[in-house]
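Source file: query.cif; contents: mmCIF, N, CA and C atoms.
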```cif
data_final
loop_
_atom_site.label_atom_id
_atom_site.label_comp_id
_atom_site.auth_asym_id
_atom_site.auth_seq_id
_atom_site.Cartn_x
_atom_site.Cartn_y
_atom_site.Cartn_z
N MET Z 1 86.19 89.48 99.42
CA MET Z 1 87.26 88.74 98.78
C MET Z 1 87.59 87.52 99.63
N GLN Z 2 87.67 86.39 99.00
CA GLN Z 2 88.01 85.16 99.67
C GLN Z 2 89.51 85.12 99.96
N GLN Z 3 89.87 84.44 101.02
CA GLN Z 3 91.28 84.32 101.39
C GLN Z 3 92.09 83.69 100.26
N ASP Z 4 91.53 82.72 99.55
CA ASP Z 4 92.28 82.04 98.50
C ASP Z 4 92.53 82.92 97.28
N SER Z 5 91.80 84.01 97.14
CA SER Z 5 92.02 84.93 96.02
C SER Z 5 92.61 86.27 96.48
N CYS Z 6 93.02 86.35 97.72
CA CYS Z 6 93.54 87.59 98.29
C CYS Z 6 95.01 87.80 97.88
N PRO Z 7 95.31 88.91 97.20
CA PRO Z 7 96.70 89.13 96.79
C PRO Z 7 97.66 89.29 97.97
N PHE Z 8 97.20 89.84 99.08
CA PHE Z 8 98.09 90.00 100.23
C PHE Z 8 98.35 88.66 100.91
N CYS Z 9 97.37 87.76 100.91
CA CYS Z 9 97.61 86.41 101.44
C CYS Z 9 98.66 85.71 100.58
N ALA Z 10 98.57 85.91 99.25
CA ALA Z 10 99.56 85.30 98.35
C ALA Z 10 100.96 85.82 98.65
N ILE Z 11 101.08 87.11 98.92
CA ILE Z 11 102.38 87.69 99.28
C ILE Z 11 102.86 87.09 100.60
N ALA Z 12 101.97 87.02 101.58
CA ALA Z 12 102.33 86.48 102.90
C ALA Z 12 102.78 85.02 102.82
N LYS Z 13 102.23 84.27 101.87
CA LYS Z 13 102.59 82.87 101.70
C LYS Z 13 103.79 82.68 100.78
N GLY Z 14 104.32 83.79 100.23
CA GLY Z 14 105.46 83.70 99.33
C GLY Z 14 105.10 83.27 97.93
N LEU Z 15 103.82 83.36 97.57
CA LEU Z 15 103.34 82.94 96.26
C LEU Z 15 103.26 84.08 95.25
N ALA Z 16 103.43 85.30 95.72
CA ALA Z 16 103.40 86.48 94.84
C ALA Z 16 104.59 87.36 95.22
N PRO Z 17 105.15 88.05 94.24
CA PRO Z 17 106.33 88.87 94.52
C PRO Z 17 106.00 90.14 95.30
N ALA Z 18 106.94 90.53 96.13
CA ALA Z 18 106.85 91.80 96.86
C ALA Z 18 108.24 92.10 97.40
N THR Z 19 108.51 93.39 97.59
CA THR Z 19 109.76 93.79 98.22
C THR Z 19 109.50 93.89 99.71
N ILE Z 20 109.88 92.85 100.42
CA ILE Z 20 109.60 92.75 101.85
C ILE Z 20 110.66 93.53 102.62
N VAL Z 21 110.19 94.35 103.57
CA VAL Z 21 111.11 95.14 104.39
C VAL Z 21 111.11 94.70 105.85
N TYR Z 22 110.11 93.92 106.24
CA TYR Z 22 110.03 93.42 107.62
C TYR Z 22 109.13 92.19 107.62
N GLN Z 23 109.49 91.21 108.44
CA GLN Z 23 108.60 90.07 108.63
C GLN Z 23 108.90 89.38 109.93
N ASP Z 24 107.86 88.84 110.52
CA ASP Z 24 107.99 87.96 111.68
C ASP Z 24 106.85 86.95 111.59
N ASP Z 25 106.59 86.23 112.64
CA ASP Z 25 105.57 85.18 112.60
C ASP Z 25 104.15 85.71 112.43
N GLU Z 26 103.92 86.99 112.79
CA GLU Z 26 102.55 87.51 112.80
C GLU Z 26 102.27 88.59 111.76
N VAL Z 27 103.28 89.35 111.38
CA VAL Z 27 103.06 90.46 110.44
C VAL Z 27 104.11 90.46 109.34
N LEU Z 28 103.78 91.14 108.26
CA LEU Z 28 104.65 91.27 107.11
C LEU Z 28 104.53 92.70 106.60
N ALA Z 29 105.65 93.28 106.19
CA ALA Z 29 105.65 94.64 105.64
C ALA Z 29 106.38 94.63 104.31
N PHE Z 30 105.79 95.29 103.32
CA PHE Z 30 106.38 95.34 101.99
C PHE Z 30 106.08 96.67 101.32
N ARG Z 31 106.89 97.01 100.32
CA ARG Z 31 106.73 98.27 99.60
C ARG Z 31 105.46 98.24 98.76
N ASP Z 32 104.73 99.36 98.79
CA ASP Z 32 103.54 99.50 97.95
C ASP Z 32 103.98 99.58 96.49
N ARG Z 33 103.28 98.91 95.61
CA ARG Z 33 103.63 98.92 94.18
C ARG Z 33 103.33 100.27 93.52
N ASN Z 34 102.43 101.03 94.11
CA ASN Z 34 102.07 102.35 93.59
C ASN Z 34 102.25 103.38 94.70
N PRO Z 35 103.49 103.67 95.06
CA PRO Z 35 103.74 104.55 96.23
C PRO Z 35 103.19 105.96 96.04
N ARG Z 36 102.67 106.49 97.12
CA ARG Z 36 102.15 107.85 97.15
C ARG Z 36 103.04 108.78 97.97
N ALA Z 37 104.20 108.27 98.35
CA ALA Z 37 105.18 109.03 99.13
C ALA Z 37 106.54 108.39 98.87
N PRO Z 38 107.63 109.11 99.20
CA PRO Z 38 108.96 108.51 99.00
C PRO Z 38 109.10 107.15 99.70
N VAL Z 39 108.52 107.00 100.87
CA VAL Z 39 108.44 105.71 101.55
C VAL Z 39 106.96 105.38 101.70
N HIS Z 40 106.56 104.25 101.15
CA HIS Z 40 105.16 103.80 101.25
C HIS Z 40 105.18 102.29 101.44
N ILE Z 41 104.96 101.89 102.68
CA ILE Z 41 105.03 100.49 103.09
C ILE Z 41 103.62 100.04 103.49
N LEU Z 42 103.28 98.81 103.14
CA LEU Z 42 102.03 98.20 103.59
C LEU Z 42 102.39 97.18 104.65
N VAL Z 43 101.73 97.27 105.79
CA VAL Z 43 101.98 96.36 106.91
C VAL Z 43 100.70 95.56 107.13
N ILE Z 44 100.82 94.23 107.04
CA ILE Z 44 99.65 93.35 107.11
C ILE Z 44 99.82 92.28 108.18
N PRO Z 45 98.71 91.81 108.74
CA PRO Z 45 98.80 90.58 109.52
C PRO Z 45 98.94 89.41 108.54
N ARG Z 46 99.70 88.41 108.90
CA ARG Z 46 99.83 87.24 108.02
C ARG Z 46 98.50 86.52 107.89
N ARG Z 47 97.73 86.50 108.97
CA ARG Z 47 96.41 85.86 108.96
C ARG Z 47 95.42 86.77 108.26
N HIS Z 48 94.58 86.19 107.43
CA HIS Z 48 93.61 87.00 106.69
C HIS Z 48 92.53 87.56 107.62
N ILE Z 49 92.47 88.87 107.65
CA ILE Z 49 91.38 89.62 108.28
C ILE Z 49 91.01 90.66 107.23
N ALA Z 50 89.76 90.69 106.81
CA ALA Z 50 89.38 91.57 105.70
C ALA Z 50 89.59 93.04 106.03
N ASN Z 51 89.14 93.48 107.20
CA ASN Z 51 89.27 94.89 107.59
C ASN Z 51 88.92 95.03 109.07
N LEU Z 52 88.87 96.26 109.54
CA LEU Z 52 88.62 96.48 110.97
C LEU Z 52 87.24 96.01 111.42
N TYR Z 53 86.30 95.89 110.49
CA TYR Z 53 84.98 95.36 110.86
C TYR Z 53 85.04 93.91 111.31
N GLU Z 54 86.08 93.19 110.92
CA GLU Z 54 86.18 91.76 111.23
C GLU Z 54 87.04 91.43 112.44
N ILE Z 55 87.60 92.41 113.10
CA ILE Z 55 88.45 92.10 114.26
C ILE Z 55 87.59 91.73 115.47
N SER Z 56 88.19 90.95 116.35
CA SER Z 56 87.49 90.53 117.56
C SER Z 56 88.44 90.70 118.75
N GLU Z 57 87.93 90.41 119.92
CA GLU Z 57 88.77 90.48 121.12
C GLU Z 57 89.97 89.55 121.00
N ASP Z 58 89.81 88.45 120.29
CA ASP Z 58 90.91 87.51 120.09
C ASP Z 58 92.07 88.11 119.30
N ASP Z 59 91.82 89.22 118.61
CA ASP Z 59 92.84 89.85 117.78
C ASP Z 59 93.64 90.94 118.50
N GLN Z 60 93.38 91.16 119.79
CA GLN Z 60 94.05 92.24 120.51
C GLN Z 60 95.56 92.10 120.48
N HIS Z 61 96.07 90.92 120.75
CA HIS Z 61 97.53 90.74 120.75
C HIS Z 61 98.10 91.01 119.37
N LEU Z 62 97.49 90.44 118.34
CA LEU Z 62 97.96 90.63 116.97
C LEU Z 62 97.99 92.10 116.58
N LEU Z 63 96.91 92.82 116.86
CA LEU Z 63 96.85 94.23 116.49
C LEU Z 63 97.83 95.07 117.31
N GLY Z 64 97.99 94.73 118.58
CA GLY Z 64 98.99 95.42 119.39
C GLY Z 64 100.39 95.19 118.85
N HIS Z 65 100.67 93.97 118.47
CA HIS Z 65 101.98 93.63 117.89
C HIS Z 65 102.19 94.40 116.59
N LEU Z 66 101.17 94.43 115.73
CA LEU Z 66 101.27 95.15 114.46
C LEU Z 66 101.58 96.63 114.73
N MET Z 67 100.89 97.23 115.67
CA MET Z 67 101.12 98.65 115.98
C MET Z 67 102.53 98.88 116.53
N ARG Z 68 103.02 97.95 117.33
CA ARG Z 68 104.36 98.10 117.90
C ARG Z 68 105.45 97.96 116.84
N THR Z 69 105.15 97.25 115.74
CA THR Z 69 106.15 97.11 114.68
C THR Z 69 106.25 98.35 113.81
N LEU Z 70 105.23 99.19 113.78
CA LEU Z 70 105.23 100.35 112.87
C LEU Z 70 106.44 101.27 113.09
N PRO Z 71 106.77 101.70 114.31
CA PRO Z 71 107.96 102.55 114.46
C PRO Z 71 109.26 101.82 114.15
N VAL Z 72 109.31 100.52 114.37
CA VAL Z 72 110.50 99.74 114.02
C VAL Z 72 110.70 99.78 112.51
N ILE Z 73 109.63 99.55 111.77
CA ILE Z 73 109.68 99.59 110.31
C ILE Z 73 110.01 101.00 109.83
N ALA Z 74 109.36 101.99 110.40
CA ALA Z 74 109.61 103.38 110.00
C ALA Z 74 111.09 103.73 110.16
N ARG Z 75 111.67 103.41 111.29
CA ARG Z 75 113.09 103.70 111.51
C ARG Z 75 113.97 102.97 110.50
N SER Z 76 113.61 101.73 110.20
CA SER Z 76 114.42 100.95 109.26
C SER Z 76 114.39 101.54 107.85
N GLN Z 77 113.38 102.35 107.57
CA GLN Z 77 113.23 102.97 106.26
C GLN Z 77 113.71 104.42 106.25
N GLY Z 78 114.37 104.85 107.33
CA GLY Z 78 114.94 106.19 107.40
C GLY Z 78 113.98 107.26 107.85
N LEU Z 79 112.82 106.87 108.34
CA LEU Z 79 111.83 107.84 108.81
C LEU Z 79 112.07 108.14 110.29
N MET Z 80 113.12 108.91 110.54
CA MET Z 80 113.54 109.18 111.91
C MET Z 80 112.77 110.33 112.57
N GLN Z 81 112.19 111.22 111.77
CA GLN Z 81 111.51 112.39 112.30
C GLN Z 81 110.01 112.21 112.43
N GLY Z 82 109.46 111.19 111.79
CA GLY Z 82 108.03 110.95 111.87
C GLY Z 82 107.52 110.20 110.66
N PHE Z 83 106.29 109.74 110.78
CA PHE Z 83 105.65 109.00 109.69
C PHE Z 83 104.14 109.10 109.86
N LYS Z 84 103.43 108.72 108.81
CA LYS Z 84 101.98 108.76 108.81
C LYS Z 84 101.45 107.35 108.62
N THR Z 85 100.33 107.03 109.27
CA THR Z 85 99.67 105.74 109.08
C THR Z 85 98.23 105.97 108.65
N GLN Z 86 97.72 105.01 107.89
CA GLN Z 86 96.33 105.09 107.44
C GLN Z 86 95.80 103.67 107.29
N ILE Z 87 94.56 103.46 107.78
CA ILE Z 87 93.87 102.19 107.61
C ILE Z 87 92.51 102.50 106.97
N ASN Z 88 92.26 101.93 105.80
CA ASN Z 88 90.97 102.08 105.14
C ASN Z 88 90.16 100.82 105.42
N SER Z 89 88.89 100.98 105.76
CA SER Z 89 88.03 99.83 106.03
C SER Z 89 86.73 99.94 105.25
N GLY Z 90 86.48 98.96 104.41
CA GLY Z 90 85.27 98.92 103.60
C GLY Z 90 85.39 99.75 102.34
N SER Z 91 84.55 99.43 101.37
CA SER Z 91 84.57 100.15 100.09
C SER Z 91 84.37 101.64 100.27
N ALA Z 92 83.41 102.02 101.10
CA ALA Z 92 83.13 103.44 101.31
C ALA Z 92 84.28 104.13 102.05
N GLY Z 93 85.12 103.35 102.72
CA GLY Z 93 86.28 103.90 103.42
C GLY Z 93 87.53 103.94 102.56
N GLY Z 94 87.39 103.59 101.29
CA GLY Z 94 88.51 103.65 100.37
C GLY Z 94 89.36 102.39 100.30
N GLN Z 95 88.91 101.30 100.93
CA GLN Z 95 89.68 100.07 100.90
C GLN Z 95 89.58 99.44 99.51
N GLU Z 96 90.75 99.09 98.95
CA GLU Z 96 90.79 98.47 97.63
C GLU Z 96 91.15 96.99 97.69
N VAL Z 97 92.03 96.61 98.60
CA VAL Z 97 92.38 95.21 98.81
C VAL Z 97 91.82 94.82 100.17
N PHE Z 98 90.96 93.79 100.18
CA PHE Z 98 90.24 93.45 101.39
C PHE Z 98 90.99 92.44 102.25
N HIS Z 99 92.16 92.90 102.68
CA HIS Z 99 92.99 92.25 103.69
C HIS Z 99 93.48 93.42 104.53
N LEU Z 100 93.21 93.39 105.81
CA LEU Z 100 93.60 94.49 106.69
C LEU Z 100 95.05 94.89 106.44
N HIS Z 101 95.28 96.18 106.24
CA HIS Z 101 96.64 96.66 106.04
C HIS Z 101 96.76 98.10 106.50
N VAL Z 102 97.94 98.42 106.97
CA VAL Z 102 98.26 99.78 107.40
C VAL Z 102 99.21 100.38 106.36
N HIS Z 103 98.85 101.55 105.85
CA HIS Z 103 99.76 102.30 104.98
C HIS Z 103 100.69 103.08 105.90
N LEU Z 104 101.98 102.87 105.78
CA LEU Z 104 102.98 103.61 106.53
C LEU Z 104 103.73 104.45 105.50
N THR Z 105 103.59 105.78 105.61
CA THR Z 105 104.20 106.66 104.61
C THR Z 105 105.02 107.75 105.27
N GLY Z 106 105.93 108.30 104.48
CA GLY Z 106 106.75 109.40 104.94
C GLY Z 106 107.89 109.67 103.99
N ALA Z 107 108.72 110.61 104.38
CA ALA Z 107 109.91 110.97 103.60
C ALA Z 107 111.09 111.06 104.56
N PRO Z 108 112.19 110.39 104.23
CA PRO Z 108 113.36 110.49 105.09
C PRO Z 108 113.85 111.94 105.19
N ALA Z 109 114.32 112.30 106.36
CA ALA Z 109 114.80 113.68 106.57
C ALA Z 109 116.16 113.86 105.94
#
```
Represent the structure of the file as structure tokens.
Amino acid sequence: MQQDSCPFCAIAKGLAPATIVYQDDEVLAFRDRNPRAPVHILVIPRRHIANLYEISEDDQHLLGHLMRTLPVIARSQGLMQGFKTQINSGSAGGQEVFHLHVHLTGAPA
């Protein structure tokens, strides 16, 4: 998928609607349109990276920052006791939108 046709890039640029729950200069988090749990948030880098196959050493800071935001987002959504994360990479890995994203799911206690 090209960056110009990527639905997550459109959300990150404010060109497509989404219920945003967290944002900063590097990452964006929004509610999944088809939630599989009471809380189902997608956390993406603002910069287009198709999946984990495309990351490089230059992405270490970005990925570290993304991982550090996950518990902040989880707490903001009432997930005080725990949460689950999932990253799908490639078609065979179950990836449907080819922009790196972390599924953050759980149920408030």
Checklist entry - Hey, what comes out of the PyMOL selection byres ((chain Z and resi 77-90) around 5) on this file? Could you write it as JSON, numbers by chain? => result {"Z": [73, 74, 75, 76, 91, 92, 93, 94, 95, 102, 103, 104, 105, 106, 108]}
Checklist entry - Evaluating the PyMOL selection byres ((chain Z and resi 12-21) around 8) on the displayed file yields which residues, as a PyMOL selection string? => result chain Z and resi 6-11+22-23+27-33+45-47+73+76
Next on the checklist: With only N, CA and C atoms as the counted atoms, please give the residues lying no more than 7 Å from His48 (chain Z), apart from itself and same-chain residues fewer than 4 positions off, as a VMD selection string.
Outcome noted: chain Z and resid 3 9 99 to 100
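Between Ile49 (chain Z) and the candidates Z:Arg36, Z:His101, Z:His61, Z:Arg68, the tightest atom-to-atom separation, counting all atoms listed in the file, involves Z:His101.
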Checklist entry - Taking the backbone alone, and naming residues the way the document does, which bits of region 24-86 of chain Z are alpha helix (DSSP H) by DSSP, as a count of residues only? => result 17
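Considering the residues Z:Val72, Z:Asn51, Z:His65, Z:Ser56 and counting all atoms listed in the file, Phe98 (chain Z) has its shortest atom-to-atom contact with Z:Asn51.
Residues of region 21-71 of chain Z carrying a DSSP assignment of strand (DSSP E), computed from the backbone, are Val21, Tyr22, Gln23, Val27, Leu28, Ala29, Phe30, Arg31, Val39, His40, Ile41, Leu42, Val43, Ile44 and Pro45 of chain Z.
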How about saving the chosen residues, N, CA and C atoms kept, as a PDB file, in the frame of the given file?
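Output contents, as saved in part-v1.pdb:
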```
ATOM      1  N   VAL Z  21     110.190  94.350 103.570  1.00  0.00           N
ATOM      2  CA  VAL Z  21     111.110  95.140 104.390  1.00  0.00           C
ATOM      3  C   VAL Z  21     111.110  94.700 105.850  1.00  0.00           C
ATOM      4  N   TYR Z  22     110.110  93.920 106.240  1.00  0.00           N
ATOM      5  CA  TYR Z  22     110.030  93.420 107.620  1.00  0.00           C
ATOM      6  C   TYR Z  22     109.130  92.190 107.620  1.00  0.00           C
ATOM      7  N   GLN Z  23     109.490  91.210 108.440  1.00  0.00           N
ATOM      8  CA  GLN Z  23     108.600  90.070 108.630  1.00  0.00           C
ATOM      9  C   GLN Z  23     108.900  89.380 109.930  1.00  0.00           C
ATOM     10  N   VAL Z  27     103.280  89.350 111.380  1.00  0.00           N
ATOM     11  CA  VAL Z  27     103.060  90.460 110.440  1.00  0.00           C
ATOM     12  C   VAL Z  27     104.110  90.460 109.340  1.00  0.00           C
ATOM     13  N   LEU Z  28     103.780  91.140 108.260  1.00  0.00           N
ATOM     14  CA  LEU Z  28     104.650  91.270 107.110  1.00  0.00           C
ATOM     15  C   LEU Z  28     104.530  92.700 106.600  1.00  0.00           C
ATOM     16  N   ALA Z  29     105.650  93.280 106.190  1.00  0.00           N
ATOM     17  CA  ALA Z  29     105.650  94.640 105.640  1.00  0.00           C
ATOM     18  C   ALA Z  29     106.380  94.630 104.310  1.00  0.00           C
ATOM     19  N   PHE Z  30     105.790  95.290 103.320  1.00  0.00           N
ATOM     20  CA  PHE Z  30     106.380  95.340 101.990  1.00  0.00           C
ATOM     21  C   PHE Z  30     106.080  96.670 101.320  1.00  0.00           C
ATOM     22  N   ARG Z  31     106.890  97.010 100.320  1.00  0.00           N
ATOM     23  CA  ARG Z  31     106.730  98.270  99.600  1.00  0.00           C
ATOM     24  C   ARG Z  31     105.460  98.240  98.760  1.00  0.00           C
ATOM     25  N   VAL Z  39     108.520 107.000 100.870  1.00  0.00           N
ATOM     26  CA  VAL Z  39     108.440 105.710 101.550  1.00  0.00           C
ATOM     27  C   VAL Z  39     106.960 105.380 101.700  1.00  0.00           C
ATOM     28  N   HIS Z  40     106.560 104.250 101.150  1.00  0.00           N
ATOM     29  CA  HIS Z  40     105.160 103.800 101.250  1.00  0.00           C
ATOM     30  C   HIS Z  40     105.180 102.290 101.440  1.00  0.00           C
ATOM     31  N   ILE Z  41     104.960 101.890 102.680  1.00  0.00           N
ATOM     32  CA  ILE Z  41     105.030 100.490 103.090  1.00  0.00           C
ATOM     33  C   ILE Z  41     103.620 100.040 103.490  1.00  0.00           C
ATOM     34  N   LEU Z  42     103.280  98.810 103.140  1.00  0.00           N
ATOM     35  CA  LEU Z  42     102.030  98.200 103.590  1.00  0.00           C
ATOM     36  C   LEU Z  42     102.390  97.180 104.650  1.00  0.00           C
ATOM     37  N   VAL Z  43     101.730  97.270 105.790  1.00  0.00           N
ATOM     38  CA  VAL Z  43     101.980  96.360 106.910  1.00  0.00           C
ATOM     39  C   VAL Z  43     100.700  95.560 107.130  1.00  0.00           C
ATOM     40  N   ILE Z  44     100.820  94.230 107.040  1.00  0.00           N
ATOM     41  CA  ILE Z  44      99.650  93.350 107.110  1.00  0.00           C
ATOM     42  C   ILE Z  44      99.820  92.280 108.180  1.00  0.00           C
ATOM     43  N   PRO Z  45      98.710  91.810 108.740  1.00  0.00           N
ATOM     44  CA  PRO Z  45      98.800  90.580 109.520  1.00  0.00           C
ATOM     45  C   PRO Z  45      98.940  89.410 108.540  1.00  0.00           C
TER      46      PRO Z  45
END
```
As JSON, please report the centre and edge lengths, rounded to one decimal in Å, of the axis-aligned box that holds all listed atoms of region 55-74 of chain Z with 4 Å of padding on each of the six sides.
```
{"center_x": 99.3, "center_y": 95.6, "center_z": 115.5, "size_x": 31.6, "size_y": 24.2, "size_z": 19.3}
```
Checklist outcome for this item: Here atom C of Met67 (chain Z) and CA of Pro38 (chain Z) stand apart by 21.0 Å
